[in-house]
Structure formats: C-alpha cells, structure tokens
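input34.cif, holding mmCIF, C-alpha atoms:
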```cif
data_data
#
loop_
_atom_site.label_atom_id
_atom_site.label_comp_id
_atom_site.auth_asym_id
_atom_site.auth_seq_id
_atom_site.Cartn_x
_atom_site.Cartn_y
_atom_site.Cartn_z
CA LYS F 1 81.78 182.84 -221.24
CA MET F 2 79.86 183.89 -218.12
CA LEU F 3 76.20 183.84 -219.17
CA GLY F 4 74.57 180.47 -218.75
CA LYS F 5 77.40 179.13 -216.62
CA THR F 6 77.45 178.26 -212.92
CA LEU F 7 79.20 180.78 -210.68
CA ILE F 8 80.88 179.39 -207.57
CA THR F 9 82.06 181.79 -204.84
CA LYS F 10 82.12 181.90 -201.04
CA GLN F 11 78.66 183.50 -201.18
CA THR F 12 77.07 180.88 -203.46
CA GLY F 13 78.28 177.78 -201.65
CA ALA F 14 79.81 174.73 -203.28
CA ALA F 15 76.83 174.11 -205.59
CA GLY F 16 77.11 177.59 -207.11
CA LYS F 17 74.41 179.70 -208.75
CA PRO F 18 73.36 180.05 -212.40
CA CYS F 19 74.69 183.21 -214.07
CA ASN F 20 71.70 184.67 -215.93
CA THR F 21 72.70 188.34 -215.94
CA VAL F 22 75.98 190.23 -216.23
CA LEU F 23 76.34 193.82 -215.04
CA ILE F 24 78.95 195.80 -216.96
CA ALA F 25 80.47 198.67 -214.95
CA GLU F 26 83.28 201.16 -215.23
CA LYS F 27 86.70 199.86 -214.22
CA PHE F 28 87.96 201.78 -211.18
CA GLN F 29 91.40 202.35 -209.76
CA ILE F 30 90.82 202.26 -206.01
CA ALA F 31 93.06 204.21 -203.64
CA THR F 32 91.43 203.27 -200.32
CA GLU F 33 88.52 201.01 -199.33
CA LYS F 34 86.02 201.72 -196.54
CA TYR F 35 82.98 199.82 -195.22
CA PHE F 36 79.50 201.25 -194.69
CA ALA F 37 76.10 199.74 -193.87
CA ILE F 38 72.66 200.68 -192.59
CA LEU F 39 70.68 198.08 -190.64
CA MET F 40 67.66 197.98 -188.36
CA ASP F 41 68.87 197.81 -184.77
CA ARG F 42 66.71 196.33 -182.01
CA GLY F 43 68.82 197.95 -179.29
CA SER F 44 68.35 201.53 -180.48
CA GLY F 45 64.86 200.93 -181.86
CA GLY F 46 65.63 202.15 -185.36
CA PRO F 47 68.21 202.32 -188.13
CA ILE F 48 71.89 202.23 -187.27
CA MET F 49 74.86 203.17 -189.46
CA ILE F 50 77.93 200.97 -189.25
CA GLY F 51 81.24 202.03 -190.76
CA SER F 52 84.92 201.25 -190.82
CA LYS F 53 88.08 202.77 -192.24
CA THR F 54 88.89 199.27 -193.50
CA GLY F 55 86.76 197.76 -196.30
CA GLY F 56 86.98 195.33 -199.17
CA THR F 57 86.97 192.34 -196.85
CA SER F 58 84.54 190.63 -194.47
CA ILE F 59 83.30 193.01 -191.79
CA GLU F 60 83.12 190.05 -189.39
CA ASP F 61 86.87 189.50 -189.87
CA ILE F 62 87.56 193.19 -189.30
CA ALA F 63 85.50 193.22 -186.10
CA ALA F 64 87.16 190.05 -184.78
CA LYS F 65 90.65 191.42 -185.44
CA ASP F 66 90.04 194.93 -184.07
CA PRO F 67 86.61 195.74 -182.55
CA SER F 68 87.60 199.41 -182.22
CA ALA F 69 87.76 199.63 -186.05
CA ILE F 70 83.95 199.49 -186.20
CA VAL F 71 82.05 202.77 -185.90
CA LYS F 72 78.33 202.75 -185.03
CA SER F 73 75.87 205.64 -185.18
CA PRO F 74 72.12 205.16 -184.45
CA VAL F 75 69.67 207.27 -186.46
CA ASP F 76 66.48 208.65 -184.93
CA ILE F 77 63.72 207.00 -186.97
CA MET F 78 61.45 210.03 -186.51
CA GLU F 79 64.00 212.79 -187.12
CA GLY F 80 65.85 210.99 -189.90
CA LEU F 81 69.49 211.42 -190.90
CA SER F 82 70.85 214.97 -190.78
CA SER F 83 73.61 216.29 -193.04
CA ALA F 84 75.76 216.89 -189.95
CA GLN F 85 75.38 213.27 -188.79
CA ALA F 86 76.19 211.99 -192.28
CA LYS F 87 79.32 214.17 -192.41
CA GLU F 88 80.38 213.01 -188.95
CA MET F 89 80.05 209.38 -190.07
CA ALA F 90 82.09 210.05 -193.22
CA VAL F 91 84.89 211.61 -191.18
CA LYS F 92 84.92 208.71 -188.70
CA MET F 93 85.26 206.36 -191.68
CA GLY F 94 88.46 208.15 -192.69
CA PHE F 95 87.32 210.53 -195.42
CA GLU F 96 88.82 214.03 -195.36
CA GLY F 97 88.05 217.44 -196.86
CA ALA F 98 86.01 217.48 -200.07
CA LYS F 99 85.98 213.67 -200.10
CA ALA F 100 84.25 213.67 -196.73
CA ASP F 101 81.60 216.00 -198.18
CA ALA F 102 81.10 213.70 -201.18
CA ALA F 103 80.91 210.64 -198.92
CA ALA F 104 78.35 212.41 -196.71
CA VAL F 105 76.11 213.08 -199.72
CA SER F 106 76.28 209.38 -200.67
CA ILE F 107 75.48 208.38 -197.07
CA GLU F 108 72.40 210.64 -197.05
CA ASN F 109 71.21 209.17 -200.33
CA LEU F 110 71.81 205.61 -199.10
CA TYR F 111 69.71 206.36 -196.03
CA LYS F 112 66.97 207.71 -198.30
CA VAL F 113 67.03 204.42 -200.25
CA PHE F 114 66.96 202.45 -196.99
CA ILE F 115 63.81 204.20 -195.77
CA GLU F 116 61.89 204.74 -199.02
CA CYS F 117 62.49 201.21 -200.34
CA ASP F 118 61.69 199.42 -197.04
CA CYS F 119 65.15 197.90 -196.79
CA THR F 120 66.31 195.65 -194.00
CA MET F 121 69.95 196.23 -194.93
CA VAL F 122 72.04 198.40 -197.24
CA GLU F 123 75.69 197.28 -197.18
CA ILE F 124 78.44 199.00 -199.18
CA ASN F 125 81.74 197.16 -199.37
CA PRO F 126 83.89 198.75 -200.56
CA PHE F 127 82.86 202.37 -200.18
CA ALA F 128 85.92 203.58 -202.06
CA GLU F 129 88.07 206.57 -202.69
CA LEU F 130 89.47 206.41 -206.25
CA THR F 131 92.88 207.50 -207.50
CA ASP F 132 91.16 210.27 -209.49
CA GLY F 133 89.68 211.72 -206.28
CA ARG F 134 86.11 210.47 -206.64
CA VAL F 135 84.22 208.75 -203.83
CA ILE F 136 82.27 205.79 -205.22
CA VAL F 137 79.90 203.10 -203.97
CA CYS F 138 81.66 200.17 -205.66
CA ASP F 139 79.67 197.16 -204.46
CA ALA F 140 76.43 196.75 -202.57
CA LYS F 141 74.25 194.17 -200.90
CA VAL F 142 70.65 195.22 -200.28
CA GLY F 143 67.92 193.35 -198.41
CA PHE F 144 64.23 194.20 -198.62
CA ASP F 145 61.44 193.62 -196.10
CA ASP F 146 59.09 190.92 -197.43
CA ASN F 147 56.28 192.46 -195.38
CA ALA F 148 56.48 195.60 -197.53
CA GLU F 149 56.08 193.75 -200.83
CA PHE F 150 52.58 195.20 -201.29
CA ARG F 151 54.02 198.73 -201.63
CA GLN F 152 57.32 197.83 -203.28
CA LYS F 153 55.97 195.81 -206.20
CA ALA F 154 58.47 197.19 -208.72
CA ILE F 155 61.39 196.03 -206.56
CA HIS F 156 60.01 192.63 -205.59
CA ASP F 157 59.03 191.85 -209.19
CA LYS F 158 62.76 191.80 -209.99
CA ARG F 159 63.28 188.84 -207.68
CA ASP F 160 65.19 186.08 -209.50
CA MET F 161 63.95 182.76 -208.11
CA SER F 162 66.71 180.87 -209.95
CA GLN F 163 69.18 182.28 -207.42
CA GLU F 164 67.28 180.79 -204.47
CA ASP F 165 66.85 177.30 -203.08
CA PRO F 166 63.90 175.70 -204.96
CA GLN F 167 62.50 174.22 -201.74
CA GLU F 168 62.54 177.62 -200.02
CA VAL F 169 60.81 179.17 -203.03
CA GLU F 170 58.09 176.50 -202.91
CA ALA F 171 57.67 176.97 -199.15
CA LYS F 172 57.17 180.71 -199.57
CA LYS F 173 54.14 180.05 -201.82
CA TYR F 174 52.39 178.57 -198.77
CA ASP F 175 53.72 181.14 -196.26
CA LEU F 176 55.88 178.49 -194.61
CA ASN F 177 58.97 179.60 -192.68
CA TYR F 178 61.46 177.17 -194.23
CA ILE F 179 65.26 177.26 -194.37
CA LYS F 180 67.30 174.43 -195.85
CA LEU F 181 70.16 173.15 -193.67
CA ASP F 182 72.79 170.45 -194.19
CA GLY F 183 71.64 167.80 -191.69
CA SER F 184 69.71 164.55 -192.13
CA VAL F 185 66.68 164.88 -189.79
CA ALA F 186 63.82 166.90 -191.29
CA CYS F 187 61.73 168.90 -188.83
CA MET F 188 58.13 170.09 -189.09
CA VAL F 189 57.26 172.19 -186.05
CA ASN F 190 54.75 174.88 -185.10
CA GLY F 191 56.25 178.01 -183.56
CA ALA F 192 59.74 179.42 -184.07
CA GLY F 193 60.73 178.85 -180.44
CA LEU F 194 59.80 175.17 -180.50
CA ALA F 195 61.46 174.83 -183.91
CA MET F 196 64.74 176.20 -182.54
CA SER F 197 64.62 174.02 -179.43
CA THR F 198 63.85 170.99 -181.61
CA MET F 199 66.94 171.69 -183.71
CA ASP F 200 69.05 172.17 -180.57
CA LEU F 201 67.80 168.91 -179.04
CA LEU F 202 68.53 166.98 -182.23
CA ALA F 203 72.12 168.25 -182.07
CA LEU F 204 72.39 167.39 -178.35
CA VAL F 205 71.36 163.77 -178.96
CA GLY F 206 73.87 163.32 -181.78
CA GLY F 207 71.93 164.31 -184.88
CA SER F 208 71.70 167.30 -187.19
CA PRO F 209 68.60 169.09 -188.53
CA ALA F 210 68.00 169.12 -192.28
CA ASN F 211 65.88 172.25 -192.11
CA PHE F 212 64.13 174.90 -190.07
CA LEU F 213 60.38 174.63 -190.72
CA ASP F 214 57.77 176.54 -188.74
CA VAL F 215 54.29 175.89 -190.13
CA GLY F 216 52.86 178.70 -187.99
CA GLY F 217 49.49 178.99 -186.33
CA ALA F 218 47.38 179.71 -189.42
CA ALA F 219 48.32 176.60 -191.40
CA ASN F 220 45.61 174.37 -192.87
CA LYS F 221 45.47 170.89 -194.37
CA ASP F 222 46.85 172.06 -197.74
CA THR F 223 49.71 173.95 -196.08
CA ILE F 224 50.73 170.94 -194.00
CA CYS F 225 50.53 168.73 -197.07
CA ALA F 226 52.83 171.11 -198.96
CA ALA F 227 55.28 171.24 -196.04
CA PHE F 228 55.46 167.45 -195.88
CA LYS F 229 56.12 167.19 -199.62
CA ILE F 230 58.97 169.68 -199.36
CA ILE F 231 60.82 167.94 -196.53
CA GLN F 232 60.27 164.42 -197.86
CA GLY F 233 61.45 165.54 -201.29
CA ASP F 234 64.82 166.63 -199.89
CA PRO F 235 67.36 163.91 -200.86
CA ASP F 236 69.51 164.74 -197.82
CA VAL F 237 66.68 163.85 -195.42
CA LYS F 238 66.95 160.38 -193.83
CA SER F 239 64.16 160.68 -191.24
CA ILE F 240 61.29 163.08 -190.53
CA PHE F 241 60.42 164.44 -187.08
CA ILE F 242 57.03 166.16 -186.70
CA ASN F 243 56.89 167.96 -183.36
CA ILE F 244 53.61 169.78 -182.64
CA PHE F 245 52.51 171.55 -179.48
CA GLY F 246 48.87 172.21 -180.22
CA GLY F 247 47.68 175.70 -179.35
CA ILE F 248 46.37 177.86 -182.16
CA MET F 249 47.55 175.10 -184.52
CA ARG F 250 45.43 172.04 -183.64
CA CYS F 251 46.90 168.53 -183.64
CA ASP F 252 44.05 167.15 -185.77
CA VAL F 253 44.80 169.68 -188.55
CA ILE F 254 48.44 168.57 -188.59
CA ALA F 255 47.41 164.92 -188.65
CA ASP F 256 44.95 165.49 -191.51
CA GLY F 257 47.63 167.26 -193.56
CA VAL F 258 50.27 164.57 -192.96
CA VAL F 259 47.89 161.74 -193.84
CA ALA F 260 46.78 163.52 -197.03
CA ALA F 261 50.39 164.16 -198.05
CA VAL F 262 51.46 160.57 -197.46
CA LYS F 263 48.50 159.23 -199.44
CA GLU F 264 49.45 161.53 -202.33
CA VAL F 265 53.26 161.10 -202.43
CA GLY F 266 53.85 158.00 -200.31
CA LEU F 267 56.06 157.57 -197.25
CA SER F 268 59.65 156.78 -198.21
CA LYS F 269 61.40 157.80 -194.99
CA PRO F 270 60.98 156.98 -191.28
CA LEU F 271 58.37 159.27 -189.72
CA ILE F 272 58.41 160.14 -186.03
CA VAL F 273 55.44 162.14 -184.72
CA ARG F 274 55.03 163.92 -181.39
CA LEU F 275 51.64 165.52 -180.81
CA VAL F 276 50.81 167.40 -177.60
CA GLY F 277 48.10 169.96 -176.84
CA THR F 278 44.85 171.03 -178.50
CA ASN F 279 42.89 168.11 -180.00
CA VAL F 280 45.81 165.75 -179.42
CA GLU F 281 43.55 162.68 -179.06
CA GLN F 282 41.76 163.45 -182.33
CA GLY F 283 45.13 163.89 -184.02
CA LYS F 284 46.47 160.58 -182.71
CA LYS F 285 43.26 158.83 -183.76
CA ILE F 286 43.52 160.18 -187.32
CA ILE F 287 47.09 158.88 -187.65
CA GLN F 288 46.30 155.50 -186.04
CA GLU F 289 43.28 154.89 -188.28
CA SER F 290 45.23 155.90 -191.39
CA GLY F 291 47.31 152.75 -191.19
CA LEU F 292 50.53 154.72 -191.81
CA ASP F 293 53.86 153.34 -190.66
CA VAL F 294 54.38 156.09 -188.07
CA ILE F 295 56.39 156.04 -184.85
CA ALA F 296 54.35 158.02 -182.30
CA ILE F 297 56.23 159.19 -179.18
CA SER F 298 54.89 161.72 -176.65
CA ASP F 299 58.18 162.44 -174.84
CA PHE F 300 60.17 165.22 -176.56
CA THR F 301 63.65 163.85 -175.84
CA GLU F 302 62.77 160.25 -176.68
CA ALA F 303 61.15 161.33 -179.94
CA ALA F 304 64.28 163.30 -180.91
CA LYS F 305 66.53 160.35 -180.07
CA LYS F 306 64.39 158.04 -182.21
CA ALA F 307 64.50 160.48 -185.15
CA VAL F 308 68.30 160.61 -184.96
CA GLU F 309 68.54 156.82 -184.58
CA MET F 310 66.36 156.23 -187.66
CA ALA F 311 68.36 158.76 -189.69
CA LYS F 312 71.61 157.00 -188.86
CA LEU F 313 70.15 153.59 -189.74
CA ALA F 314 68.98 154.92 -193.11
CA LYS F 315 72.42 156.20 -194.14
#
```

Spell out the structure here as structure tokens.
Amino acid sequence: KMLGKTLITKQTGAAGKPCNTVLIAEKFQIATEKYFAILMDRGSGGPIMIGSKTGGTSIEDIAAKDPSAIVKSPVDIMEGLSSAQAKEMAVKMGFEGAKADAAAVSIENLYKVFIECDCTMVEINPFAELTDGRVIVCDAKVGFDDNAEFRQKAIHDKRDMSQEDPQEVEAKKYDLNYIKLDGSVACMVNGAGLAMSTMDLLALVGGSPANFLDVGGAANKDTICAAFKIIQGDPDVKSIFINIFGGIMRCDVIADGVVAAVKEVGLSKPLIVRLVGTNVEQGKKIIQESGLDVIAISDFTEAAKKAVEMAKLAK
C-alpha cells in the first residue's frame, strides 16, 4: 500500500513525494531519545558535534524552548575525534555507564562516516536508548558535498532524482545555482550576492521571488538559454526579471542566450531586463534588434517595481 503512492509529510511539503522504495527495519521499544549531529562549522573552522538530551523532535524547537539543552563540541579537523571527546559528548547527551561507552563508539563511527564520505551533515534523531539496554541510531539524515562527487561515485550514483524538484534537477545539468521558491517573479541574476539583493528588493516593493537563480560567471549562450527555459516553464511565474551586472559574465552573452531561448520557446510572460557593466551597449543592441517585447530599465529599483507590477497584472 506504500510503494507507488505519494507520501505527504512535513518534510515533503504539500505536494508530497513518490514512494519508490521502502526500508524494512527492526521494531524498537525506545526508552529515551537523544539528538546528535555533525556539521561543518565556519566559526570553528571544522566539524562540530551538536547534541541534546532531548531528541525525537525538531532540534530548532528544542533550541528555541531551552537553548541550554543544546551541547556543542568542535572537532579539530587535523587531529580528528578522540575516544575521550566522543565519550565526553555521550555523557553530556545523558548516556551513563556502559550505555555511554556504546554511544561513544557510535559517535566515533559517525565521525568516520562524516569525514570519509565527504558529508556536509550527519544528523541522528533520535539517537535512542532502548528498553533492552541497547543504544541505537534509529533515524538519520545525511548530506553529501556535491564538490566531492568525483571521489564518492558509489554514493552519488544512488541519488534518486524523482525525490527532487524537476526544475532543480534540470538546472544542475547546466551547473546553474537554482532553487525553486513560492513567489511569482522569476529572477535570472549573475552572482549570489546580487541574486539575494534582487530577491530582497522584490519583497520590499511588494512582490515575491519565484526562484533563486545565479547563472554564475562561466555561463555561455547555451547555459543562459537553459536557464530561461526553466524559469519560463514554471507555471507559478507571472513575470521574469533578468538583472545582470556585467563583470566576468558579459551582458552580450546574456542577451544572446535570452534571444536564442525566446526564439526557441517563445515569450509567454512579461520580461523585464536590467543590464549594467561589461559590454552593456552590445547587450542592449542585441535585445533591441531582436524585436522582442522586452521592458528594458537601467535603474535597479524601478526595474524591480516594474517586474512586481507586471506579475500582479498577470494574475
């Protein structure tokens, strides 16, 4: 009754995810639930262990209710995790006696997985003590560094694209930094900083971004064409705002890609373009001579306002 169905939980969102695989595990009788995670920490410049005597629920809720319930322990990236540090963490998480020893062994092994598998996160919730005395990792969430795919082929080959947003999967093929959001104004921007400020400005002038999309500095005509197809193909998008500050990414390359994409798939939504920087005049000329129905605005704020206005008119 589970296979082939759509699973809807807090983690999947309202649309749910297809259930293609079912993991059958031993049924446990849990006595107490703890929380444990290993993350990369910018502040300490390496891995950090995070634990709590309270598990089985959202760690964000635990931290908000009682910040002192969260235990943190940085790990020296060069020295690695010692048995003594693992034991200390287990004790701080509320394990005692032989159970603390068993928990410490699991913590050491989890750190080994974190390092050897190029993880960005290993989260165990709950890290449980059972009624029969065993200490068990009952549930886990593990993230892997995409940059390490070349040496973790066996892990990355298990990636199930059916569990991901189809637009984000398509964007990854072209090395586009794309994240689907729930707004109505699509954004195509170069540079993460400008992309974030574009999203903020859209919100300030009364709109909401439909995506985060940074085309980066190494994009070419084909990449831009692919990016345009992705954002225009989103049914939630009511207007498109292309905001380019030409530096490494030249304005004429962006213009070429947009024109090629529109000629291939058509232009079904209002398009607002702001081009500033390297080869801006060539970029503007390419768009003007294309004959496309484009609204060109040089001022950042005015361009954002127009994008929001057109999105509202299209609803």

Original post:
If you apply the PyMOL selection byres ((chain F and resi 275-287) around 7) to this file, what residues do you get, as a list of chain:residue names?
Top reply: F:Asn243, F:Ile244, F:Phe245, F:Gly246, F:Gly247, F:Arg250, F:Cys251, F:Asp252, F:Ala255, F:Asp256, F:Val259, F:Val273, F:Arg274, F:Gln288, F:Glu289, F:Ser290, F:Leu292, F:Ser298

**OP:** Taking the file above as input, evaluate the PyMOL selection byres ((chain F and resi 172) around 12) and report the hits as a VMD selection string.
**Re:** chain F and resid 146 161 164 to 171 173 to 179 213 to 215 223 226 to 227 230

**OP:** Fewer than 2 positions away in the same chain doesn't count, so skip those; otherwise give me all residues within 10 Å of F:Ala100, counting only C-alpha atoms, as a list in words.
**Re:**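 Once the adjacent positions are removed, what remains is Ala86, Lys87, Glu88, Met89, Ala90, Val91, Lys92, Met93, Gly94, Phe95, Glu96, Gly97, Ala98, Ala102, Ala103, Ala104, Val105, Ser106 and Val135 of chain F.
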
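For the structure in this document, the set picked by the PyMOL selection byres ((chain F and resi 72) around 12) is Tyr35, Phe36, Ala37, Ile38, Leu39, Asp41, Ser44, Pro47, Ile48, Met49, Ile50, Gly51, Ser52, Ala63, Pro67, Ser68, Ala69, Ile70, Val71, Ser73, Pro74, Val75, Gln85, Ala86, Glu88, Met89, Ala90, Lys92 and Met93 of chain F.
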
**OP:** Provide the atom CA of F:Ala154 to atom CA of F:Arg42 distance in Å, to one decimal place.
**Re:** 28.0 Å

Quick test: take stretch 160-172 of chain F, keep all heavy atoms, and write it as a PDB file, in the first residue's frame.
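Saved the output as part32.pdb:
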```pdb
ATOM      1  N   ASP F 160      18.358   9.712  -6.067  1.00  0.00           N
ATOM      2  CA  ASP F 160      17.038   9.454  -6.656  1.00  0.00           C
ATOM      3  C   ASP F 160      16.438  10.791  -7.100  1.00  0.00           C
ATOM      4  O   ASP F 160      15.900  11.543  -6.290  1.00  0.00           O
ATOM      5  CB  ASP F 160      16.134   8.766  -5.633  1.00  0.00           C
ATOM      6  CG  ASP F 160      14.773   8.386  -6.211  1.00  0.00           C
ATOM      7  OD1 ASP F 160      14.515   8.713  -7.387  1.00  0.00           O
ATOM      8  OD2 ASP F 160      13.979   7.760  -5.488  1.00  0.00           O
ATOM      9  N   MET F 161      16.549  11.069  -8.382  1.00  0.00           N
ATOM     10  CA  MET F 161      16.075  12.353  -8.911  1.00  0.00           C
ATOM     11  C   MET F 161      14.564  12.532  -8.775  1.00  0.00           C
ATOM     12  O   MET F 161      14.064  13.655  -8.795  1.00  0.00           O
ATOM     13  CB  MET F 161      16.478  12.486 -10.387  1.00  0.00           C
ATOM     14  CG  MET F 161      17.988  12.487 -10.627  1.00  0.00           C
ATOM     15  SD  MET F 161      18.826  13.871  -9.836  1.00  0.00           S
ATOM     16  CE  MET F 161      20.495  13.682 -10.484  1.00  0.00           C
ATOM     17  N   SER F 162      13.824  11.434  -8.627  1.00  0.00           N
ATOM     18  CA  SER F 162      12.368  11.547  -8.508  1.00  0.00           C
ATOM     19  C   SER F 162      11.965  12.224  -7.202  1.00  0.00           C
ATOM     20  O   SER F 162      10.821  12.677  -7.054  1.00  0.00           O
ATOM     21  CB  SER F 162      11.719  10.162  -8.590  1.00  0.00           C
ATOM     22  OG  SER F 162      12.001   9.389  -7.431  1.00  0.00           O
ATOM     23  N   GLN F 163      12.891  12.296  -6.247  1.00  0.00           N
ATOM     24  CA  GLN F 163      12.592  12.925  -4.966  1.00  0.00           C
ATOM     25  C   GLN F 163      12.914  14.423  -4.980  1.00  0.00           C
ATOM     26  O   GLN F 163      12.705  15.109  -3.976  1.00  0.00           O
ATOM     27  CB  GLN F 163      13.406  12.244  -3.861  1.00  0.00           C
ATOM     28  CG  GLN F 163      13.160  10.754  -3.721  1.00  0.00           C
ATOM     29  CD  GLN F 163      11.729  10.422  -3.366  1.00  0.00           C
ATOM     30  OE1 GLN F 163      11.150  10.991  -2.451  1.00  0.00           O
ATOM     31  NE2 GLN F 163      11.139   9.502  -4.120  1.00  0.00           N
ATOM     32  N   GLU F 164      13.426  14.917  -6.081  1.00  0.00           N
ATOM     33  CA  GLU F 164      13.836  16.317  -6.172  1.00  0.00           C
ATOM     34  C   GLU F 164      12.952  17.089  -7.145  1.00  0.00           C
ATOM     35  O   GLU F 164      12.280  16.511  -7.990  1.00  0.00           O
ATOM     36  CB  GLU F 164      15.302  16.404  -6.599  1.00  0.00           C
ATOM     37  CG  GLU F 164      16.253  15.651  -5.657  1.00  0.00           C
ATOM     38  CD  GLU F 164      17.697  15.753  -6.102  1.00  0.00           C
ATOM     39  OE1 GLU F 164      18.106  16.852  -6.539  1.00  0.00           O
ATOM     40  OE2 GLU F 164      18.416  14.751  -6.001  1.00  0.00           O
ATOM     41  N   ASP F 165      12.991  18.401  -7.006  1.00  0.00           N
ATOM     42  CA  ASP F 165      12.232  19.271  -7.911  1.00  0.00           C
ATOM     43  C   ASP F 165      12.788  19.120  -9.327  1.00  0.00           C
ATOM     44  O   ASP F 165      13.993  19.287  -9.540  1.00  0.00           O
ATOM     45  CB  ASP F 165      12.369  20.725  -7.449  1.00  0.00           C
ATOM     46  CG  ASP F 165      11.518  21.671  -8.278  1.00  0.00           C
ATOM     47  OD1 ASP F 165      11.936  21.983  -9.415  1.00  0.00           O
ATOM     48  OD2 ASP F 165      10.454  22.088  -7.811  1.00  0.00           O
ATOM     49  N   PRO F 166      11.934  18.801 -10.319  1.00  0.00           N
ATOM     50  CA  PRO F 166      12.414  18.578 -11.691  1.00  0.00           C
ATOM     51  C   PRO F 166      13.178  19.765 -12.265  1.00  0.00           C
ATOM     52  O   PRO F 166      14.144  19.584 -13.020  1.00  0.00           O
ATOM     53  CB  PRO F 166      11.124  18.333 -12.481  1.00  0.00           C
ATOM     54  CG  PRO F 166      10.134  17.860 -11.467  1.00  0.00           C
ATOM     55  CD  PRO F 166      10.480  18.592 -10.207  1.00  0.00           C
ATOM     56  N   GLN F 167      12.758  20.979 -11.909  1.00  0.00           N
ATOM     57  CA  GLN F 167      13.441  22.171 -12.418  1.00  0.00           C
ATOM     58  C   GLN F 167      14.848  22.292 -11.829  1.00  0.00           C
ATOM     59  O   GLN F 167      15.792  22.685 -12.520  1.00  0.00           O
ATOM     60  CB  GLN F 167      12.612  23.414 -12.091  1.00  0.00           C
ATOM     61  CG  GLN F 167      11.297  23.473 -12.881  1.00  0.00           C
ATOM     62  CD  GLN F 167      10.299  24.416 -12.236  1.00  0.00           C
ATOM     63  OE1 GLN F 167      10.086  24.405 -11.042  1.00  0.00           O
ATOM     64  NE2 GLN F 167       9.680  25.243 -13.052  1.00  0.00           N
ATOM     65  N   GLU F 168      14.988  21.932 -10.548  1.00  0.00           N
ATOM     66  CA  GLU F 168      16.305  21.990  -9.920  1.00  0.00           C
ATOM     67  C   GLU F 168      17.230  20.923 -10.499  1.00  0.00           C
ATOM     68  O   GLU F 168      18.434  21.151 -10.656  1.00  0.00           O
ATOM     69  CB  GLU F 168      16.164  21.830  -8.404  1.00  0.00           C
ATOM     70  CG  GLU F 168      15.460  23.005  -7.736  1.00  0.00           C
ATOM     71  CD  GLU F 168      15.370  22.882  -6.228  1.00  0.00           C
ATOM     72  OE1 GLU F 168      16.063  22.014  -5.654  1.00  0.00           O
ATOM     73  OE2 GLU F 168      14.606  23.652  -5.615  1.00  0.00           O
ATOM     74  N   VAL F 169      16.658  19.768 -10.831  1.00  0.00           N
ATOM     75  CA  VAL F 169      17.447  18.696 -11.456  1.00  0.00           C
ATOM     76  C   VAL F 169      17.947  19.146 -12.826  1.00  0.00           C
ATOM     77  O   VAL F 169      19.116  18.948 -13.183  1.00  0.00           O
ATOM     78  CB  VAL F 169      16.610  17.406 -11.596  1.00  0.00           C
ATOM     79  CG1 VAL F 169      17.361  16.358 -12.411  1.00  0.00           C
ATOM     80  CG2 VAL F 169      16.266  16.844 -10.218  1.00  0.00           C
ATOM     81  N   GLU F 170      17.070  19.774 -13.610  1.00  0.00           N
ATOM     82  CA  GLU F 170      17.442  20.258 -14.934  1.00  0.00           C
ATOM     83  C   GLU F 170      18.513  21.348 -14.831  1.00  0.00           C
ATOM     84  O   GLU F 170      19.469  21.365 -15.612  1.00  0.00           O
ATOM     85  CB  GLU F 170      16.204  20.821 -15.642  1.00  0.00           C
ATOM     86  CG  GLU F 170      16.440  21.289 -17.066  1.00  0.00           C
ATOM     87  CD  GLU F 170      16.807  20.177 -18.031  1.00  0.00           C
ATOM     88  OE1 GLU F 170      16.567  18.995 -17.719  1.00  0.00           O
ATOM     89  OE2 GLU F 170      17.340  20.499 -19.115  1.00  0.00           O
ATOM     90  N   ALA F 171      18.371  22.235 -13.846  1.00  0.00           N
ATOM     91  CA  ALA F 171      19.337  23.316 -13.662  1.00  0.00           C
ATOM     92  C   ALA F 171      20.725  22.774 -13.326  1.00  0.00           C
ATOM     93  O   ALA F 171      21.739  23.309 -13.788  1.00  0.00           O
ATOM     94  CB  ALA F 171      18.868  24.261 -12.555  1.00  0.00           C
ATOM     95  N   LYS F 172      20.759  21.711 -12.554  1.00  0.00           N
ATOM     96  CA  LYS F 172      22.048  21.131 -12.148  1.00  0.00           C
ATOM     97  C   LYS F 172      22.829  20.619 -13.363  1.00  0.00           C
ATOM     98  O   LYS F 172      24.060  20.649 -13.371  1.00  0.00           O
ATOM     99  CB  LYS F 172      21.821  20.002 -11.143  1.00  0.00           C
ATOM    100  CG  LYS F 172      23.114  19.402 -10.620  1.00  0.00           C
ATOM    101  CD  LYS F 172      22.887  18.381  -9.529  1.00  0.00           C
ATOM    102  CE  LYS F 172      24.170  17.655  -9.160  1.00  0.00           C
ATOM    103  NZ  LYS F 172      25.234  18.558  -8.716  1.00  0.00           N
TER     104      LYS F 172
END
```
